[in-house]
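Dropping structure.txt in here (compact mmCIF, C-alpha atoms):
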# COMPACT_ATOMS: atom_id res chain seq x y z
CA MET A 1143 159.75 50.13 34.13
CA THR A 1144 157.45 48.60 36.65
CA PRO A 1145 153.91 48.20 35.26
CA PRO A 1146 151.10 49.92 37.20
CA ARG A 1147 149.53 47.78 39.92
CA ARG A 1148 146.14 46.48 38.95
CA SER A 1149 143.40 47.23 41.48
CA GLY A 1150 140.63 45.16 40.01
CA GLY A 1151 140.09 42.19 37.78
CA ASP A 1152 139.87 44.39 34.68
CA GLY A 1153 142.80 46.60 35.57
CA GLY A 1154 140.54 49.62 36.12
CA PRO A 1155 140.71 51.89 39.10
CA ARG A 1156 139.54 50.54 42.45
CA THR A 1157 136.02 51.67 43.30
CA PRO A 1158 135.51 52.94 46.81
CA SER A 1159 133.69 50.53 49.09
CA ALA A 1160 130.16 51.40 50.20
CA PRO A 1161 129.97 53.16 53.54
CA LYS A 1162 129.13 50.96 56.45
CA ARG A 1163 125.62 51.17 57.80
CA SER A 1164 124.83 51.96 61.40
CA GLY A 1165 124.74 48.89 63.52
CA ASP A 1166 127.86 47.35 61.95
CA GLY A 1167 129.45 46.77 65.34
CA ARG A 1168 131.64 49.88 65.47
CA PRO A 1169 131.78 51.70 68.86
CA GLY A 1170 129.04 54.27 69.25
CA THR A 1171 126.75 52.89 66.52
CA ALA A 1172 123.26 51.76 67.32
CA PRO A 1173 122.81 47.97 67.04
CA LYS A 1174 120.08 46.83 64.69
CA SER A 1175 117.92 43.80 65.17
CA LYS A 1176 118.19 41.24 62.38
CA GLY A 1177 115.86 42.19 59.58
CA ARG A 1178 113.71 44.52 61.69
CA GLY A 1179 115.59 47.80 61.53
CA GLU A 1180 115.00 48.97 65.09
CA PRO A 1181 116.70 47.63 68.22
CA THR A 1182 114.63 45.40 70.43
CA GLY A 1183 114.16 46.25 74.10
CA LYS A 1184 115.63 43.51 76.22
CA ALA A 1185 117.42 43.45 79.56
CA PRO A 1186 121.22 43.92 79.46
CA THR A 1187 123.29 40.74 79.37
CA ALA A 1188 126.83 39.97 80.51
CA ARG A 1189 128.06 40.61 76.96
CA ASP A 1190 126.48 44.07 77.03
CA PHE A 1191 128.14 44.85 80.34
CA ARG A 1192 131.53 43.77 78.97
CA ALA A 1193 131.01 46.03 75.97
CA ALA A 1194 129.97 48.84 78.30
CA ARG A 1195 133.07 48.33 80.43
CA ALA A 1196 135.37 48.56 77.41
CA GLU A 1197 133.50 51.55 76.03
CA GLY A 1198 133.61 53.21 79.45
CA ARG A 1199 137.40 52.91 79.60
CA ASN A 1200 137.70 54.36 76.11
CA ALA A 1201 135.37 57.20 77.05
CA GLU A 1202 137.47 58.04 80.11
CA ARG A 1203 140.61 58.21 77.99
CA ARG A 1204 138.88 60.34 75.38
CA SER A 1205 137.42 62.71 77.96
CA ALA A 1206 140.86 63.25 79.57
CA ASP A 1207 141.71 65.66 76.75
CA GLY A 1208 138.59 67.71 77.42
CA ARG A 1209 138.88 68.34 81.17
CA SER A 1210 139.18 71.88 82.56
CA GLY A 1211 141.95 73.02 84.87
CA ASP A 1212 140.01 72.06 87.99
CA GLY A 1213 139.47 68.51 86.73
CA ARG A 1214 135.84 68.88 85.69
CA ALA A 1215 134.89 67.53 82.28
CA THR A 1216 133.83 70.16 79.77
CA GLU A 1217 133.73 68.80 76.22
CA GLY A 1218 135.27 65.70 74.71
CA ARG A 1219 136.46 65.18 71.21
CA GLY A 1220 134.14 66.41 68.52
CA GLY A 1221 132.56 68.91 70.92
CA LYS A 1222 130.57 66.26 72.83
CA PRO A 1223 128.95 67.97 75.83
CA ARG A 1224 129.70 66.76 79.33
CA GLY A 1225 127.07 64.32 80.56
CA ALA A 1226 126.02 63.16 77.09
CA ALA A 1227 125.30 59.44 76.84
CA THR A 1228 128.10 57.23 75.57
CA GLY A 1229 127.65 54.56 72.93
CA ALA A 1230 127.74 51.90 75.66
CA GLU A 1231 125.08 53.64 77.69
CA ARG A 1232 122.88 54.00 74.63
CA ARG A 1233 123.26 50.30 73.87
CA LEU A 1234 122.36 49.34 77.44
CA ALA A 1235 119.37 51.66 77.33
CA GLU A 1236 118.25 50.03 74.10
CA LYS A 1237 118.66 46.57 75.62
CA ARG A 1238 116.38 47.61 78.47
CA GLY A 1239 113.81 48.90 76.04
CA THR A 1240 114.36 52.65 76.31
CA SER A 1241 116.82 55.00 74.65
CA GLY A 1242 116.34 58.13 76.70
CA GLY A 1243 113.76 59.52 74.28
CA PRO A 1244 110.05 60.09 74.86
CA ARG A 1245 108.17 57.27 76.54
CA PRO A 1246 105.52 55.30 74.69
CA ALA A 1247 102.17 57.04 74.60
CA ARG A 1248 99.34 55.55 76.62
CA PRO A 1249 96.91 53.65 74.37
CA ALA A 1250 93.98 55.80 73.27
CA GLY A 1251 90.75 55.46 75.15
CA GLY A 1252 92.37 53.64 78.06
CA GLN A 1253 92.62 50.41 76.03
CA PRO A 1254 95.17 47.83 77.17
CA ALA A 1255 98.53 47.88 75.42
CA ASN A 1256 97.99 44.29 74.29
CA SER A 1257 94.53 42.99 75.06
CA LYS A 1258 95.47 39.42 74.09
CA ALA A 1259 98.40 39.25 76.51
CA GLY A 1260 98.24 36.95 79.47
CA GLY A 1261 97.89 33.26 80.15
CA THR A 1262 95.88 30.85 82.25
CA VAL A 1263 96.98 28.36 84.88
CA LYS A 1264 94.75 25.60 86.23
CA ALA A 1265 93.43 26.57 89.65
CA ARG A 1266 94.25 24.40 92.63
CA ASP A 1267 91.42 23.00 94.76
CA GLU A 1268 91.69 25.16 97.87
CA GLY A 1269 88.72 23.55 99.63
CA PRO A 1270 86.34 25.39 101.96
CA MET A 1271 87.02 29.08 102.65
CA ARG A 1272 85.42 32.14 104.22
CA VAL A 1273 82.62 33.69 102.23
CA GLN A 1274 84.43 37.06 102.10
CA ARG A 1275 87.44 35.45 100.45
CA ALA A 1276 85.24 33.63 97.93
CA LEU A 1277 83.65 36.93 96.90
CA ALA A 1278 86.99 38.70 96.60
CA ARG A 1279 88.45 35.87 94.51
CA ALA A 1280 85.49 36.13 92.16
CA GLY A 1281 86.46 39.76 91.53
CA VAL A 1282 83.03 41.26 92.20
CA VAL A 1283 84.29 43.25 95.21
CA SER A 1284 87.56 43.91 96.97
CA ARG A 1285 88.51 42.01 100.13
CA ARG A 1286 87.52 44.99 102.25
CA GLY A 1287 84.34 45.46 100.23
CA ALA A 1288 83.45 41.80 100.73
CA ASP A 1289 83.77 42.16 104.50
CA GLN A 1290 81.45 45.17 104.44
CA ALA A 1291 78.93 43.47 102.11
CA VAL A 1292 78.61 40.47 104.42
CA ALA A 1293 78.34 42.70 107.49
CA ASP A 1294 75.56 44.69 105.76
CA GLY A 1295 73.56 41.52 105.05
CA ARG A 1296 73.86 41.85 101.26
CA VAL A 1297 75.31 38.33 100.82
CA GLN A 1298 73.36 35.09 100.90
CA VAL A 1299 74.54 31.48 100.90
CA ASN A 1300 71.97 28.98 99.63
CA GLY A 1301 69.21 31.52 100.22
CA VAL A 1302 70.23 32.36 103.80
CA VAL A 1303 71.90 35.65 104.82
CA ALA A 1304 75.60 35.00 105.35
CA THR A 1305 77.49 35.82 108.51
CA VAL A 1306 80.98 37.27 108.82
CA GLY A 1307 83.54 34.46 108.73
CA GLN A 1308 81.09 31.84 107.47
CA ILE A 1309 82.78 28.91 105.71
CA VAL A 1310 81.54 27.98 102.24
CA ASP A 1311 82.29 25.35 99.61
CA THR A 1312 82.58 27.23 96.32
CA ALA A 1313 82.02 24.04 94.29
CA ARG A 1314 78.64 23.34 95.92
CA ASP A 1315 77.22 26.41 97.67
CA ARG A 1316 75.18 29.04 95.80
CA ILE A 1317 76.32 32.54 96.74
CA THR A 1318 74.54 35.77 95.80
CA LEU A 1319 75.41 39.44 96.23
CA ASP A 1320 72.43 41.82 96.28
CA GLY A 1321 70.38 38.98 94.83
CA THR A 1322 72.72 38.38 91.87
CA PRO A 1323 74.43 34.94 91.68
CA VAL A 1324 78.23 35.07 91.93
CA GLU A 1325 80.41 32.47 90.21
CA THR A 1326 82.88 31.69 92.99
CA HIS A 1327 84.11 28.32 91.75
CA VAL A 1328 87.40 29.15 90.00
CA THR A 1329 88.85 26.57 87.60
CA ALA A 1330 91.69 28.64 86.12
CA HIS A 1331 93.65 31.78 86.99
CA ARG A 1332 94.89 34.53 84.67
CA TRP A 1333 98.54 35.62 84.71
CA ILE A 1334 99.98 38.68 82.95
CA VAL A 1335 103.58 39.90 82.68
CA LEU A 1336 103.82 43.69 82.25
CA HIS A 1337 106.80 45.94 81.54
CA LYS A 1338 105.84 48.79 83.85
CA PRO A 1339 106.98 52.21 82.62
CA ALA A 1340 108.14 54.99 84.92
CA ALA A 1341 105.51 57.48 86.18
CA VAL A 1342 102.83 54.76 86.46
CA MET A 1343 101.16 53.86 89.76
CA THR A 1344 101.08 50.26 91.02
CA THR A 1345 97.56 50.46 92.41
CA ARG A 1346 93.99 49.76 91.34
CA LYS A 1347 92.84 53.40 91.43
CA ASP A 1348 94.75 56.63 91.96
CA PRO A 1349 92.95 59.57 93.67
CA GLN A 1350 95.03 62.00 91.58
CA GLY A 1351 93.98 60.38 88.31
CA ARG A 1352 97.44 59.20 87.33
CA THR A 1353 97.93 56.19 85.04
CA THR A 1354 97.98 52.86 86.87
CA VAL A 1355 99.28 49.46 85.82
CA PHE A 1356 95.68 48.29 85.44
CA ASP A 1357 95.18 50.89 82.69
CA LEU A 1358 97.84 49.08 80.65
CA VAL A 1359 96.45 45.53 80.78
CA GLU A 1360 93.20 43.75 80.01
CA ASP A 1361 90.37 44.38 82.46
CA VAL A 1362 90.22 41.03 84.30
CA PRO A 1363 88.00 40.63 87.41
CA GLY A 1364 90.00 39.88 90.55
CA LEU A 1365 93.36 40.83 89.01
CA VAL A 1366 96.03 41.82 91.58
CA TYR A 1367 99.72 42.73 91.26
CA VAL A 1368 102.53 40.60 92.67
CA GLY A 1369 105.05 42.84 94.37
CA ARG A 1370 104.64 46.60 94.10
CA LEU A 1371 106.96 48.78 92.02
CA ASP A 1372 107.54 52.43 92.98
CA PHE A 1373 106.08 55.25 90.89
CA MET A 1374 109.35 55.94 89.04
CA THR A 1375 110.66 52.35 89.04
CA GLU A 1376 110.38 50.46 85.76
CA GLY A 1377 110.53 46.82 84.82
CA VAL A 1378 108.87 43.46 85.14
CA LEU A 1379 105.59 43.30 87.07
CA LEU A 1380 103.49 40.16 87.46
CA LEU A 1381 99.69 40.34 87.78
CA THR A 1382 97.32 37.45 88.52
CA THR A 1383 93.81 36.54 89.66
CA ASP A 1384 95.33 33.99 92.07
CA GLY A 1385 95.49 35.89 95.34
CA THR A 1386 96.94 32.89 97.19
CA ALA A 1387 99.82 32.65 94.73
CA ALA A 1388 100.42 36.41 94.88
CA HIS A 1389 100.70 36.22 98.66
CA ALA A 1390 103.04 33.23 98.50
CA LEU A 1391 105.37 34.80 95.93
CA THR A 1392 105.79 37.97 98.00
CA HIS A 1393 106.06 36.30 101.42
CA PRO A 1394 109.61 36.61 102.88
CA SER A 1395 109.69 32.88 103.73
CA ARG A 1396 109.67 31.95 100.01
CA GLU A 1397 112.78 34.09 99.36
CA VAL A 1398 111.81 34.80 95.76
CA GLU A 1399 114.73 36.65 94.16
CA ARG A 1400 114.35 40.03 92.47
CA THR A 1401 117.05 41.60 90.29
CA TYR A 1402 117.34 45.34 89.69
CA VAL A 1403 119.67 47.44 87.53
CA ALA A 1404 120.12 51.00 88.78
CA THR A 1405 121.85 53.72 86.79
CA VAL A 1406 123.83 55.53 89.48
CA ARG A 1407 126.50 58.13 90.16
CA GLY A 1408 129.02 57.75 92.96
CA ASP A 1409 131.71 55.35 94.13
CA ALA A 1410 130.05 52.17 92.86
CA VAL A 1411 133.16 50.02 93.32
CA SER A 1412 133.30 50.73 97.06
CA ALA A 1413 129.51 50.38 97.24
CA VAL A 1414 129.72 46.85 95.84
CA ARG A 1415 132.33 45.84 98.43
CA GLN A 1416 130.23 47.28 101.24
CA ALA A 1417 126.98 45.76 99.95
CA ARG A 1418 128.49 42.27 99.89
CA GLU A 1419 129.11 42.59 103.62
CA GLY A 1420 125.52 43.71 104.24
CA VAL A 1421 123.71 47.02 104.27
CA GLU A 1422 122.09 48.18 107.50
CA LEU A 1423 118.73 49.88 106.97
CA GLU A 1424 116.39 51.23 109.62
CA ASP A 1425 114.29 48.04 109.41
CA GLY A 1426 117.14 45.53 109.38
CA VAL A 1427 120.30 44.41 107.62
CA VAL A 1428 120.06 43.43 103.94
CA VAL A 1429 122.62 41.05 102.44
CA PRO A 1430 122.18 40.92 98.64
CA ARG A 1431 122.30 37.55 96.90
CA ASP A 1432 124.48 39.17 94.24
CA VAL A 1433 125.74 42.67 93.49
CA GLN A 1434 127.89 44.02 90.65
CA ALA A 1435 128.82 47.36 89.12
CA HIS A 1436 129.66 48.06 85.49
CA PRO A 1437 130.91 51.40 84.12
CA LEU A 1438 128.68 53.15 81.61
CA GLY A 1439 130.90 56.17 80.97
CA ALA A 1440 130.21 59.83 81.80
CA ARG A 1441 130.74 58.93 85.49
CA ARG A 1442 127.70 56.67 85.53
CA TRP A 1443 127.52 53.03 86.63
CA ALA A 1444 125.10 50.15 86.14
CA PHE A 1445 124.60 48.91 89.70
CA GLU A 1446 123.04 45.42 89.46
CA ILE A 1447 121.68 43.92 92.67
CA THR A 1448 119.69 40.77 93.48
CA ILE A 1449 117.72 40.59 96.73
CA ALA A 1450 115.19 38.17 98.21
CA GLU A 1451 113.15 40.61 100.29
CA GLY A 1452 110.36 42.96 99.34
CA LYS A 1453 110.76 45.87 101.73
CA THR A 1454 109.41 49.28 100.80
CA HIS A 1455 111.77 51.30 98.53
CA GLU A 1456 114.46 48.76 99.44
CA VAL A 1457 116.86 49.17 96.51
CA ARG A 1458 116.65 52.97 96.55
CA ARG A 1459 117.33 52.97 100.31
CA ILE A 1460 120.28 50.61 99.82
CA CYS A 1461 121.77 52.92 97.19
CA ASP A 1462 121.21 55.97 99.39
CA THR A 1463 122.94 54.26 102.32
CA LEU A 1464 125.88 53.36 100.07
CA GLY A 1465 126.20 56.95 98.86
CA LEU A 1466 124.92 56.29 95.33
CA GLU A 1467 122.68 58.73 93.49
CA VAL A 1468 120.01 56.81 91.54
CA GLU A 1469 119.08 58.24 88.15
CA ARG A 1470 117.01 55.29 86.98
CA LEU A 1471 115.86 51.96 88.41
CA VAL A 1472 114.67 48.92 86.43
CA ARG A 1473 113.56 45.55 87.80
CA THR A 1474 114.88 43.07 85.24
CA GLN A 1475 113.72 39.84 86.91
CA PHE A 1476 111.16 38.64 89.46
CA GLY A 1477 111.59 34.96 90.35
CA PRO A 1478 111.53 33.07 87.03
CA ILE A 1479 110.07 36.05 85.14
CA ARG A 1480 112.62 37.98 83.07
CA LEU A 1481 112.02 41.32 81.37
CA GLY A 1482 113.64 40.10 78.16
CA HIS A 1483 112.48 41.76 74.93
CA LEU A 1484 109.22 43.08 76.38
CA GLU A 1485 108.84 46.75 75.47
CA SER A 1486 107.89 49.42 77.99
CA GLY A 1487 104.12 49.51 78.56
CA GLN A 1488 103.54 46.16 76.88
CA ALA A 1489 102.27 42.88 78.34
CA ARG A 1490 102.71 39.21 77.51
CA ALA A 1491 101.64 35.74 78.61
CA LEU A 1492 103.63 33.43 80.84
CA THR A 1493 105.77 30.82 79.16
CA THR A 1494 105.32 27.13 79.97
CA ALA A 1495 108.61 27.10 81.89
CA GLU A 1496 107.57 30.16 83.92
CA ARG A 1497 104.24 28.57 84.82
CA THR A 1498 106.03 25.43 86.01
CA VAL A 1499 108.44 27.34 88.25
CA ILE A 1500 105.70 29.56 89.69
CA ASP A 1501 103.57 26.52 90.52
CA ALA A 1502 106.56 24.96 92.30
CA LEU A 1503 107.23 28.16 94.28
CA VAL A 1504 103.60 28.47 95.34
CA SER A 1505 103.29 24.78 96.28
CA ALA A 1506 106.51 24.75 98.33
CA ARG A 1507 106.06 24.58 102.10

So that I can check it, write out the structure of this file as C-alpha cells.
Amino acid sequence: MTPPRRSGGDGGPRTPSAPKRSGDGRPGTAPKSKGRGEPTGKAPTARDFRAARAEGRNAERRSADGRSGDGRATEGRGGKPRGAATGAERRLAEKRGTSGGPRPARPAGGQPANSKAGGTVKARDEGPMRVQRALARAGVVSRRGADQAVADGRVQVNGVVATVGQIVDTARDRITLDGTPVETHVTAHRWIVLHKPAAVMTTRKDPQGRTTVFDLVEDVPGLVYVGRLDFMTEGVLLLTTDGTAAHALTHPSREVERTYVATVRGDAVSAVRQAREGVELEDGVVVPRDVQAHPLGARRWAFEITIAEGKTHEVRRICDTLGLEVERLVRTQFGPIRLGHLESGQARALTTAERTVIDALVSAR
C-alpha cells in the first residue's frame, strides 16, 4: 500500500498560502510604490506602454464574448460595463499622477501647494536696457504697466523724470516709481516646475475668478510662465522671473521640443501614419518630431506626439484634423523638463542637469 504523500516537513496537511496582495504584478491590480502604499504619479514609460498594449489585446479578446448582435460592446466578463477603464488604462493614469478620481483640492486660503518649491539660477549680465523693461523685470509692474507709468511721469532715474524708451544701467542707476526706490539689479532668477491640473487658467488673473497657475505656486515678483497650457490641458509648466529666458525658450527658432500624451478615440494607427507625413493646419503644416499610438483598451489609445512649435491649441487641432476625439491631454515634457513623479497641483525646483540644459538653450544663437 502506497503511503500517503507528505505535504509538509512534519507530514501534516498543507496549509493554504496567503492570498496575494494588490500590486503583485497580476493584470488589473494596482501597482504599489515600494514601502509607500500608494502609487506615485509619474509619466508613462515605454514599459508601461508595452504593458498597456498587452493588456489592450487581452481586453479585446475578453470583450468579444460580450458584444451585442450589432457589434457594439455591452458587458464583458464579470459584468464589466462598456467603457470602464481597463487595468492598463488605470496603470497609465496612475503613472501620470491621476486615476480618474476627484482632483486634488486647492490649498486652503490660496496658499501655494509647496511654498518651498523652486530654484534659483544666476542671472546673466544683460547690460543697459530700457527703463520700462527694468521695471517689469523687477516685478513691481507689468510690461504694459511700466510703459504707462513712464508715460505718466511716475518714474525717475537718478532724480530726473524718465522718458519712454530711456536706456538705463540697472547696476548703477537709481530708479524710483512714485518716489519709492525699485531694486532693478537682478543677480539671480527663480525657476519653478509645476504640474498644472486641468480646469486651471494659465494667466496672472482671470476675470471670472477661476483658479490660475499663480494660485498654486509661491508669490514671486516678476514670475511669468513659459509656454501656455490650455484650460483643460494638464502637465508640466515652467515658470520663471527671467523674461529673456522665457522668450527664448518659446521662440520658434530655438525649436524646443514638447511631448504630449493624449487619450483619444478613433483610428489612431492611421492617424500616426498620416501625422508622420505632416499635418496641414490653417496656419501651416506641422511635422511632428515623433508620434506613436498605444492601445489602452475600451477603444481608447494613448496618442504620444512630440512637436517643436508652440502654436495655439496645436495638439488638439492636430488630433481633430486626424479624426481623433481627445478625452484628455497631458504635456509630459517641455525641453529638458520632465513631468516625472510630480503630482497634480504640486511644484518643485529645477535639477542641476535641467538648469544646465536651460542655460545652454537660452545662450544658443

_So that I can check the surroundings of Glu1446 (chain A), please list as number ranges by chain every protein, DNA and RNA residue that reaches within 12 Å of it, counting all atoms listed in the file and ignoring chain neighbours fewer than 2 positions away._
A: 1185-1188, 1191, 1400-1406, 1410-1411, 1413-1414, 1417, 1430-1437, 1443-1444, 1448-1449, 1457, 1460-1461, 1468, 1470-1475

*So, counting only C-alpha atoms, which residue among A:Ala1491, A:Ala1288, A:Val1273, A:Ile1334 is closest to Gly1307 (chain A)?*
A:Val1273

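Here the residues that fall within 8 Å of (99.9, 51.1, 92.3), using all atoms listed in the file, are given as Val1342, Met1343, Thr1344, Thr1345, Arg1346, Lys1347, Asp1348, Thr1354, Val1355, Arg1370, Leu1371, Asp1372 and Phe1373 of chain A.
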
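Pairwise distance (CA of Phe1445 (chain A), CA of Arg1458 (chain A)) equals 11.3 Å.
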
_Between CA of Leu1503 (chain A) and CA of Ala1388 (chain A), what distance in Å does the model show, to one decimal?_
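These two atoms are separated by 10.7 Å.
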
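Once Gly1420 (chain A) and its same-chain neighbours fewer than 5 positions away are set aside, A:Val1427, A:Val1428, A:Val1429, A:Pro1430 remain within 9 Å of it when counting only C-alpha atoms.
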
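Among the candidate residues A:Arg1314, A:His1327, A:Lys1338, A:Arg1459, the one lying nearest to Met1374 (chain A) is A:Lys1338, with distances computed using only C-alpha atoms.
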
_Would you compute the distance between CA of Thr1382 (chain A) and CA of Val1362 (chain A)? Give it in Å to one decimal._
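That distance, rounded to one decimal, is 9.0 Å.
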
*Check the smallest atom-to-atom distance from each of A:Gly1465, A:Glu1422, A:Val1366, A:Ala1502 to Ser1284 (chain A) using all atoms listed in the file, then report the winner.*
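Closest residue, counting all atoms listed in the file: A:Val1366.
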
_Given only C-alpha atoms as the basis, pick out the residue of A:Arg1497, A:Arg1407, A:Arg1418, A:Arg1316 nearest to Ala1387 (chain A)._
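Result for the nearest residue to Ala1387 (chain A): A:Arg1497.
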
*Using only C-alpha atoms, which of A:Val1310, A:Leu1423, A:Ala1278, A:Val1292 sits nearest Lys1453 (chain A)?*
A:Leu1423
